[in-house]
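Here is target07.cif, consisting of mmCIF, C-alpha atoms and all ligand atoms:
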```cif
data_protein
#
loop_
_atom_site.label_atom_id
_atom_site.label_comp_id
_atom_site.auth_asym_id
_atom_site.auth_seq_id
_atom_site.Cartn_x
_atom_site.Cartn_y
_atom_site.Cartn_z
CA MET Q 1 37.70 145.72 -30.97
CA ALA Q 2 35.12 145.42 -33.75
CA ARG Q 3 33.05 148.37 -32.57
CA GLY Q 4 31.55 150.06 -35.62
CA ALA Q 5 31.53 146.88 -37.71
CA PHE Q 6 27.86 146.68 -36.74
CA PRO Q 7 26.16 150.01 -35.99
CA ASP Q 8 25.57 150.71 -32.31
CA SER Q 9 22.26 152.35 -33.24
CA HIS Q 10 20.87 149.09 -34.67
CA ARG Q 11 17.98 147.73 -32.59
CA LEU Q 12 19.77 144.39 -32.23
CA ALA Q 13 23.10 145.86 -31.12
CA LEU Q 14 23.51 145.44 -27.37
CA GLY Q 15 26.87 147.18 -27.00
CA MET Q 16 30.14 146.13 -25.45
CA PRO Q 17 30.33 142.94 -23.36
CA GLY Q 18 33.11 142.11 -20.94
CA MET Q 19 34.70 143.35 -17.74
CA HIS Q 20 33.30 146.86 -18.26
CA GLY Q 21 30.56 145.99 -20.70
CA ASN Q 22 26.96 146.89 -20.09
CA TYR Q 23 24.75 144.58 -18.05
CA THR Q 24 22.58 143.43 -20.94
CA ALA Q 25 25.47 142.62 -23.29
CA VAL Q 26 27.24 140.64 -20.56
CA THR Q 27 24.17 138.85 -19.29
CA SER Q 28 22.66 138.00 -22.67
CA MET Q 29 25.89 136.23 -23.64
CA GLN Q 30 25.91 134.54 -20.26
CA ARG Q 31 22.35 133.18 -20.75
CA SER Q 32 22.57 132.40 -24.48
CA ASP Q 33 21.92 128.94 -25.87
CA LEU Q 34 23.91 129.69 -29.02
CA LEU Q 35 26.87 132.00 -29.53
CA ILE Q 36 28.09 132.65 -33.05
CA ALA Q 37 31.48 134.25 -32.47
CA LEU Q 38 32.94 135.93 -35.54
CA GLY Q 39 36.63 136.73 -35.22
CA SER Q 40 36.61 136.95 -31.45
CA ARG Q 41 39.27 135.39 -29.29
CA PHE Q 42 37.36 134.79 -26.03
CA ASP Q 43 39.86 136.82 -24.05
CA ASP Q 44 39.55 136.97 -20.29
CA ARG Q 45 38.17 140.52 -20.36
CA VAL Q 46 35.11 139.15 -22.15
CA THR Q 47 34.70 135.69 -20.67
CA GLY Q 48 35.41 136.43 -17.02
CA LYS Q 49 36.08 133.15 -15.20
CA ILE Q 50 36.28 130.76 -18.15
CA PRO Q 51 34.51 127.67 -16.71
CA ALA Q 52 31.55 129.88 -15.73
CA PHE Q 53 31.25 131.63 -19.11
CA ALA Q 54 27.96 131.17 -21.00
CA PRO Q 55 27.37 127.75 -19.46
CA GLU Q 56 24.28 126.88 -21.53
CA ALA Q 57 25.68 128.01 -24.87
CA LYS Q 58 26.67 126.00 -27.86
CA VAL Q 59 29.43 127.83 -29.70
CA ILE Q 60 30.00 128.29 -33.40
CA HIS Q 61 33.42 129.91 -33.57
CA VAL Q 62 34.59 131.47 -36.83
CA ASP Q 63 38.13 132.76 -37.21
CA ILE Q 64 40.56 133.27 -40.04
CA ASP Q 65 43.32 131.94 -37.77
CA PRO Q 66 42.68 128.26 -36.98
CA ALA Q 67 44.88 128.57 -33.87
CA GLU Q 68 42.06 130.58 -32.21
CA LEU Q 69 39.57 127.73 -32.48
CA GLY Q 70 39.45 125.88 -29.20
CA LYS Q 71 42.24 127.96 -27.67
CA VAL Q 72 40.04 129.10 -24.78
CA ARG Q 73 36.62 127.51 -25.24
CA ARG Q 74 36.04 124.33 -27.18
CA PRO Q 75 33.62 125.23 -29.98
CA ASP Q 76 30.74 122.95 -30.90
CA VAL Q 77 31.41 123.99 -34.48
CA GLY Q 78 34.76 125.53 -35.40
CA ILE Q 79 35.07 127.19 -38.80
CA ALA Q 80 38.38 128.51 -40.11
CA GLY Q 81 37.62 131.08 -42.74
CA ASP Q 82 37.08 134.62 -43.88
CA CYS Q 83 34.29 136.17 -41.84
CA ARG Q 84 32.41 137.66 -44.80
CA LEU Q 85 32.42 134.40 -46.78
CA VAL Q 86 31.35 132.39 -43.74
CA ILE Q 87 28.45 134.76 -42.99
CA GLU Q 88 27.33 134.54 -46.62
CA ALA Q 89 27.43 130.74 -46.47
CA LEU Q 90 25.57 130.61 -43.14
CA VAL Q 91 22.86 132.94 -44.42
CA ALA Q 92 22.51 130.89 -47.62
CA VAL Q 93 22.02 127.69 -45.62
CA LEU Q 94 19.40 129.31 -43.38
CA ARG Q 95 17.53 130.75 -46.37
CA ASP Q 96 17.51 127.32 -48.04
CA ARG Q 97 16.16 125.67 -44.93
CA LEU Q 98 13.43 128.27 -44.51
CA ALA Q 99 12.53 127.94 -48.19
CA GLY Q 100 12.35 124.18 -47.65
CA GLY Q 101 9.66 124.66 -45.02
CA ALA Q 102 11.74 124.82 -41.82
CA THR Q 103 10.24 127.13 -39.21
CA SER Q 104 12.30 129.58 -37.24
CA PRO Q 105 11.92 129.43 -33.47
CA ASP Q 106 9.95 132.15 -31.68
CA ARG Q 107 12.51 134.59 -30.32
CA GLY Q 108 9.84 136.84 -28.77
CA PRO Q 109 10.36 135.76 -25.15
CA TRP Q 110 14.17 136.10 -25.45
CA LYS Q 111 13.83 139.60 -26.90
CA GLN Q 112 11.49 140.50 -24.04
CA THR Q 113 14.00 139.23 -21.51
CA ILE Q 114 16.65 141.40 -23.14
CA SER Q 115 14.42 144.50 -23.09
CA GLY Q 116 13.73 143.81 -19.41
CA TRP Q 117 17.46 143.83 -18.61
CA GLN Q 118 17.94 146.99 -20.66
CA GLU Q 119 15.18 148.72 -18.72
CA LEU Q 120 16.40 147.56 -15.32
CA HIS Q 121 20.13 148.11 -15.91
CA PRO Q 122 20.75 150.87 -18.44
CA LEU Q 123 24.27 152.24 -18.72
CA SER Q 124 24.18 155.25 -16.42
CA TYR Q 125 26.07 157.21 -13.80
CA ALA Q 126 25.18 159.35 -10.83
CA PRO Q 127 24.86 162.88 -12.23
CA SER Q 128 26.98 165.56 -10.61
CA GLN Q 129 25.47 167.87 -8.04
CA PRO Q 130 26.20 171.62 -8.19
CA GLY Q 131 29.77 172.21 -7.05
CA ASP Q 132 30.86 168.62 -7.75
CA ALA Q 133 33.83 167.86 -9.95
CA LEU Q 134 33.19 167.21 -13.62
CA LYS Q 135 31.92 163.70 -14.41
CA PRO Q 136 34.05 162.01 -17.09
CA GLN Q 137 30.95 160.28 -18.49
CA PHE Q 138 29.32 163.68 -18.98
CA VAL Q 139 32.37 164.89 -20.93
CA LEU Q 140 32.10 161.82 -23.15
CA GLU Q 141 28.40 162.37 -23.77
CA GLN Q 142 29.14 165.95 -24.80
CA LEU Q 143 32.05 164.94 -27.05
CA ARG Q 144 29.79 162.33 -28.69
CA ASP Q 145 26.80 164.62 -29.10
CA ASN Q 146 28.88 167.44 -30.59
CA ALA Q 147 30.97 165.22 -32.86
CA PRO Q 148 30.59 165.71 -36.62
CA GLU Q 149 29.38 162.58 -38.43
CA ASP Q 150 32.04 159.90 -39.00
CA THR Q 151 34.34 161.29 -36.34
CA ILE Q 152 37.22 158.92 -35.60
CA VAL Q 153 38.04 158.36 -31.93
CA ALA Q 154 41.29 157.04 -30.50
CA SER Q 155 41.98 156.43 -26.84
CA GLY Q 156 44.72 155.47 -24.44
CA VAL Q 157 44.40 152.73 -21.83
CA GLY Q 158 42.51 153.04 -18.59
CA GLN Q 159 39.22 154.33 -17.27
CA HIS Q 160 38.91 156.98 -20.01
CA GLN Q 161 39.21 154.20 -22.60
CA MET Q 162 36.36 152.24 -21.03
CA TRP Q 163 34.13 155.31 -20.72
CA THR Q 164 34.81 156.17 -24.36
CA SER Q 165 33.86 152.68 -25.46
CA GLN Q 166 30.76 152.74 -23.26
CA TYR Q 167 29.45 156.19 -24.11
CA TRP Q 168 30.48 156.74 -27.74
CA ARG Q 169 28.17 155.48 -30.48
CA PHE Q 170 30.13 153.78 -33.24
CA GLU Q 171 28.24 153.58 -36.50
CA LYS Q 172 30.90 152.77 -39.08
CA PRO Q 173 33.93 150.49 -39.27
CA TYR Q 174 37.37 151.91 -38.48
CA THR Q 175 36.05 154.80 -36.39
CA TRP Q 176 37.38 153.38 -33.07
CA VAL Q 177 41.17 153.27 -32.97
CA ASN Q 178 42.29 151.37 -29.95
CA SER Q 179 45.17 149.28 -28.67
CA GLY Q 180 42.72 146.67 -27.35
CA GLY Q 181 44.38 143.69 -25.73
CA LEU Q 182 47.87 145.14 -26.08
CA GLY Q 183 46.94 147.82 -23.54
CA THR Q 184 49.62 150.26 -24.55
CA MET Q 185 49.37 153.51 -22.61
CA GLY Q 186 50.43 156.40 -24.82
CA PHE Q 187 48.64 154.99 -27.85
CA ALA Q 188 46.04 157.73 -28.28
CA VAL Q 189 48.06 160.73 -29.50
CA PRO Q 190 50.14 158.99 -32.18
CA ALA Q 191 47.14 156.87 -33.22
CA ALA Q 192 45.04 160.01 -33.68
CA ILE Q 193 47.80 161.65 -35.73
CA GLY Q 194 48.02 158.59 -37.97
CA ALA Q 195 44.24 158.47 -38.37
CA LYS Q 196 44.12 162.14 -39.34
CA VAL Q 197 46.87 161.72 -41.93
CA GLY Q 198 45.00 158.72 -43.36
CA ARG Q 199 41.58 160.41 -43.28
CA PRO Q 200 42.26 164.16 -43.55
CA ASP Q 201 38.57 164.96 -44.08
CA ALA Q 202 37.41 163.27 -40.89
CA THR Q 203 37.40 164.90 -37.48
CA VAL Q 204 39.74 162.97 -35.23
CA TRP Q 205 39.47 163.08 -31.44
CA ALA Q 206 41.77 161.34 -29.01
CA VAL Q 207 40.28 160.77 -25.57
CA ASP Q 208 43.31 160.35 -23.36
CA GLY Q 209 44.16 159.86 -19.71
CA ASP Q 210 46.50 162.24 -17.92
CA GLY Q 211 48.90 159.32 -17.32
CA CYS Q 212 48.77 158.14 -20.92
CA PHE Q 213 49.13 161.65 -22.32
CA GLN Q 214 52.40 162.12 -20.44
CA MET Q 215 53.87 159.15 -22.30
CA THR Q 216 53.60 160.36 -25.91
CA ALA Q 217 52.37 163.96 -25.82
CA GLN Q 218 55.58 165.16 -27.46
CA GLU Q 219 54.31 163.73 -30.76
CA LEU Q 220 52.05 166.78 -30.84
CA VAL Q 221 55.12 168.79 -31.84
CA THR Q 222 55.15 166.77 -35.05
CA ALA Q 223 51.40 167.29 -35.46
CA ALA Q 224 51.76 171.05 -34.98
CA ALA Q 225 54.81 171.33 -37.27
CA GLU Q 226 53.08 169.31 -39.98
CA ARG Q 227 49.71 171.03 -39.48
CA ILE Q 228 47.84 167.86 -38.58
CA PRO Q 229 44.82 169.21 -36.70
CA VAL Q 230 43.97 166.41 -34.25
CA LYS Q 231 41.93 167.09 -31.12
CA ILE Q 232 42.87 165.70 -27.73
CA ALA Q 233 40.51 165.53 -24.76
CA ILE Q 234 42.47 164.70 -21.61
CA LEU Q 235 40.27 163.28 -18.86
CA ASN Q 236 42.53 164.62 -16.15
CA ASN Q 237 41.54 162.81 -12.96
CA ALA Q 238 45.00 163.34 -11.41
CA TYR Q 239 45.47 159.60 -11.12
CA LEU Q 240 46.42 156.46 -12.92
CA GLY Q 241 42.71 155.98 -12.51
CA MET Q 242 42.24 152.38 -13.55
CA VAL Q 243 44.96 151.22 -11.17
CA ARG Q 244 43.53 153.45 -8.45
CA GLN Q 245 40.11 151.82 -9.01
CA TRP Q 246 41.56 148.33 -8.43
CA GLN Q 247 43.46 149.51 -5.35
CA GLU Q 248 40.26 151.03 -3.97
CA MET Q 249 37.98 148.08 -4.72
CA PHE Q 250 40.27 145.07 -4.27
CA TYR Q 251 43.30 146.21 -2.23
CA GLU Q 252 41.57 147.94 0.70
CA GLU Q 253 42.32 151.45 -0.52
CA ARG Q 254 46.08 150.95 -0.21
CA TYR Q 255 46.95 153.54 -2.85
CA SER Q 256 50.43 153.12 -4.20
CA GLU Q 257 52.15 155.03 -7.01
CA VAL Q 258 48.89 156.18 -8.59
CA TYR Q 259 48.64 159.88 -7.73
CA LEU Q 260 49.78 162.24 -10.48
CA SER Q 261 48.60 165.76 -9.45
CA PRO Q 262 46.04 167.62 -11.56
CA ASP Q 263 48.27 170.67 -12.08
CA LEU Q 264 51.61 169.13 -12.95
CA PRO Q 265 52.40 169.31 -15.70
CA ASP Q 266 50.22 172.25 -16.72
CA TYR Q 267 48.58 170.62 -19.73
CA LYS Q 268 47.29 173.88 -21.21
CA LEU Q 269 50.74 175.48 -21.15
CA TRP Q 270 52.37 172.28 -22.35
CA ALA Q 271 49.96 172.14 -25.31
CA GLU Q 272 50.72 175.75 -26.17
CA ALA Q 273 54.47 175.12 -25.90
CA MET Q 274 54.06 172.38 -28.50
CA GLY Q 275 52.26 174.69 -30.93
CA CYS Q 276 48.73 173.53 -30.11
CA VAL Q 277 45.72 175.43 -28.85
CA GLY Q 278 45.39 174.65 -25.14
CA MET Q 279 42.22 174.91 -23.06
CA ARG Q 280 41.17 173.97 -19.55
CA VAL Q 281 37.64 173.04 -18.52
CA GLU Q 282 36.57 172.65 -14.94
CA SER Q 283 32.78 172.94 -14.80
CA PRO Q 284 29.92 171.26 -16.68
CA GLU Q 285 28.71 174.57 -18.16
CA GLU Q 286 31.99 175.07 -20.04
CA VAL Q 287 32.15 171.61 -21.61
CA ALA Q 288 29.99 171.96 -24.74
CA SER Q 289 31.34 175.36 -25.79
CA ALA Q 290 34.97 174.22 -25.40
CA ILE Q 291 34.25 171.16 -27.55
CA GLN Q 292 32.51 173.26 -30.20
CA LYS Q 293 35.44 175.65 -30.25
CA ALA Q 294 37.86 172.74 -30.66
CA ASN Q 295 35.75 171.27 -33.46
CA GLU Q 296 36.05 174.53 -35.38
CA ILE Q 297 39.85 174.72 -35.22
CA ASP Q 298 41.29 173.24 -38.37
CA ASP Q 299 44.82 174.56 -38.68
CA ARG Q 300 46.55 173.11 -35.61
CA PRO Q 301 46.09 170.51 -32.89
CA VAL Q 302 43.89 171.31 -29.88
CA VAL Q 303 44.26 169.96 -26.36
CA ILE Q 304 41.52 170.31 -23.74
CA ASP Q 305 42.45 169.57 -20.13
CA PHE Q 306 39.14 168.39 -18.61
CA ARG Q 307 39.46 168.34 -14.83
CA THR Q 308 37.42 165.30 -13.91
CA ASP Q 309 36.31 163.64 -10.68
CA SER Q 310 39.18 161.52 -9.26
CA ASN Q 311 36.77 159.28 -7.38
CA GLU Q 312 34.71 158.18 -10.34
CA LYS Q 313 34.93 154.48 -11.13
CA VAL Q 314 34.04 152.49 -14.22
CA PHE Q 315 30.87 150.44 -13.85
CA PRO Q 316 29.56 147.89 -14.54
CA MET Q 317 32.51 145.74 -13.56
CA VAL Q 318 33.14 142.02 -13.52
CA PRO Q 319 36.03 141.67 -11.05
CA ALA Q 320 39.07 139.86 -12.50
CA GLY Q 321 38.77 136.09 -12.19
CA LYS Q 322 35.06 136.24 -11.26
CA SER Q 323 32.13 134.89 -13.23
CA ASN Q 324 30.18 137.24 -15.48
CA ASP Q 325 27.25 136.42 -13.19
CA ASP Q 326 29.04 138.47 -10.50
CA ILE Q 327 28.78 141.73 -12.47
CA ILE Q 328 28.71 144.79 -10.20
CA THR Q 329 26.67 147.80 -11.30
CA ASP Q 330 27.27 151.30 -9.95
CA PRO Q 331 26.54 151.32 -6.20
CA ALA Q 332 25.96 155.09 -6.41
CA LEU Q 333 22.85 154.39 -8.49
CA GLY Q 334 21.09 152.80 -5.53
CA GLU Q 335 20.10 149.46 -4.09
CA GLY Q 336 18.16 148.24 -7.11
CA PHE Q 337 21.31 148.32 -9.16
CA VAL Q 338 23.55 146.29 -6.87
CA GLN Q 339 23.70 142.65 -7.82
C1 LIG Q 401 52.83 151.33 -20.87
C2 LIG Q 401 51.87 150.87 -19.82
N1 LIG Q 401 52.19 150.95 -18.52
C3 LIG Q 401 51.31 150.54 -17.57
C4 LIG Q 401 50.09 150.05 -17.92
C5 LIG Q 401 49.08 149.60 -16.84
N2 LIG Q 401 47.98 150.56 -16.77
C6 LIG Q 401 46.79 150.33 -17.38
S1 LIG Q 401 45.71 151.60 -17.21
C7 LIG Q 401 46.85 152.49 -16.31
C8 LIG Q 401 46.50 153.86 -15.80
C9 LIG Q 401 46.23 154.84 -16.88
O1 LIG Q 401 46.13 156.13 -16.30
P1 LIG Q 401 45.55 157.35 -17.12
O2 LIG Q 401 46.20 157.46 -18.45
O3 LIG Q 401 45.57 158.57 -16.26
O4 LIG Q 401 44.04 156.86 -17.39
P2 LIG Q 401 42.80 156.75 -16.37
O5 LIG Q 401 42.68 155.31 -15.98
O6 LIG Q 401 43.05 157.65 -15.21
O7 LIG Q 401 41.64 157.20 -17.22
C10 LIG Q 401 48.04 151.77 -16.13
C11 LIG Q 401 49.19 152.23 -15.37
C12 LIG Q 401 49.79 149.97 -19.30
N3 LIG Q 401 48.61 149.50 -19.73
N4 LIG Q 401 50.67 150.39 -20.23
MG MG Q 402 44.08 159.46 -15.15
#
```

Translate this file's structure into structure tokens.
Ligand SMILES: Cc1ncc(C[n+]2csc(CCOP(=O)(O)OP(=O)(O)O)c2C)c(N)n1
Ligand SMILES: [Mg+2]
Amino acid sequence: MARGAFPDSHRLALGMPGMHGNYTAVTSMQRSDLLIALGSRFDDRVTGKIPAFAPEAKVIHVDIDPAELGKVRRPDVGIAGDCRLVIEALVAVLRDRLAGGATSPDRGPWKQTISGWQELHPLSYAPSQPGDALKPQFVLEQLRDNAPEDTIVASGVGQHQMWTSQYWRFEKPYTWVNSGGLGTMGFAVPAAIGAKVGRPDATVWAVDGDGCFQMTAQELVTAAAERIPVKIAILNNAYLGMVRQWQEMFYEERYSEVYLSPDLPDYKLWAEAMGCVGMRVESPEEVASAIQKANEIDDRPVVIDFRTDSNEKVFPMVPAGKSNDDIITDPALGEGFVQ
């Protein structure tokens, strides 16, 4: 939820931890001897199986709401307070101690361990072969690489949300607008409209799922009528993809109530009917130019229907209820990646 509070490009930023976090972020928390948690609530998507979470770690837990302290994990030091003031006080204490002759421990070996994990398990996906369906991760990389600086991104709930969080690079606070733990499908379109009204100079993209889009797309009529030029990228995998992924991996491929059809509704026509520019993209070659075209449109909303691979799954994944040590990396990337 705090993506952008600390820039993803910083050499010490490891990225998102949790059920679909990257290997290094998950594993470094798991092997830490000290966690300083600032305003985090230790929810199950981050901790995995709670008794197995970061077993060696002492925890300093800082939160403005005292009810969070000890709710999930008993902290060694609990501090109720404003995050900024607490950080200032912690830094002041450390500076004093160093000035008083205390030595800081050598973190070289730990940093090397982290670089080793990053090298062995980078966030990646099996690239598409000619003729394959569009990879959603590729669409995200293109959206990210073509985004004007300070672009705000909203998303719905599902696989597209996880890929956005994994592949976007958040550099500033308030650039990732997300329903987080509430998990409200349909959040992306209205959230993007609100963000654009609040920050009219910023480019605002919503990355949405086909299922989520169907829930609140009609708000685009308001956006078109009021000339609020948001941009919507639908990752149309023809499924309630996140549910499909669980049914495939944990319910023996018993697919139930998850198929949506790629063609119904016709998202391009629907967008046009609501006063937006509508586009459809089916092959990798068309992706960048469609995004550039969308970025240039400034007088009405734009919707791009990206037809993406239905079979693609979000990895890494810590299965629900399992320990973070049981993280599964993408089997399609080969033996070396399977834990
Ligand atoms: C209102 C609501 N209903 C159901 C869910 C459970 N749920 C979470 S993700 C998901 C599927 C989302 O499908 P889609 O928008 O197509 O995204 P995808 O996972 O395919 O990227 C569902 C049904 C939810 N989070 N919110
Ligand atoms: Mg979908």

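All residues of protein, DNA or RNA that reach within 7 Å of region 7-15 of chain Q, judged by all atoms listed in the file and not counting those fewer than 5 positions away in the chain, are Asn22, Thr24, Ala25, Arg169, Phe170, Glu171 and Lys172 of chain Q.
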
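Each of Q:Ala99, Q:Ile234, Q:Leu240, Q:Ala126 was checked against ligand MG 402 (chain Q) using only C-alpha atoms and all ligand atoms; the smallest atom-to-atom distance is that of Q:Leu240.
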
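For the pair CA of Ile291 (chain Q) and CA of Asp208 (chain Q), the separation is 14.7 Å.
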
Near ligand MG 402 (chain Q), 6 Å: chain Q residue rows, closest pairs, all atoms listed in the file, as JSON lines:
```
{"residue": "Q:Gly209", "atom": "CA", "partner": "Q:MG402", "partner_atom": "MG", "distance": 4.6}
{"residue": "Q:Asp210", "atom": "CA", "partner": "Q:MG402", "partner_atom": "MG", "distance": 4.6}
{"residue": "Q:Gly211", "atom": "CA", "partner": "Q:MG402", "partner_atom": "MG", "distance": 5.3}
{"residue": "Q:Asn236", "atom": "CA", "partner": "Q:MG402", "partner_atom": "MG", "distance": 5.5}
{"residue": "Q:Asn237", "atom": "CA", "partner": "Q:MG402", "partner_atom": "MG", "distance": 4.7}
{"residue": "Q:Ala238", "atom": "CA", "partner": "Q:MG402", "partner_atom": "MG", "distance": 5.5}
{"residue": "Q:Tyr239", "atom": "CA", "partner": "Q:MG402", "partner_atom": "MG", "distance": 4.3}
{"residue": "Q:Leu240", "atom": "CA", "partner": "Q:MG402", "partner_atom": "MG", "distance": 4.4}
{"residue": "Q:Gly241", "atom": "CA", "partner": "Q:MG402", "partner_atom": "MG", "distance": 4.6}
```

Using all atoms listed in the file, can you tell me which of Q:Met162, Q:Val62, Q:Val277, Q:Ala195 comes closest to ligand LIG 401 (chain Q)? Q:Met162

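Taking CA of Thr47 (chain Q) and CA of Ile79 (chain Q) as endpoints, the distance between them is 20.0 Å.
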
Given a cut-off of 10 Å, what residues near ligand LIG 401 (chain Q) show up using only C-alpha atoms and all ligand atoms, put as a PyMOL selection string? chain Q and resi 136+155-164+179+181-188+207-215+234-245+257-260+308+310+312-314

How far is it from CA of Met16 (chain Q) to CA of Pro105 (chain Q), in Å with one decimal? 26.0 Å

Among Q:Val177, Q:Ile327, Q:Met317, Q:Ala133, Glu282 (chain Q) is approached most closely, using only C-alpha atoms, by Q:Ala133
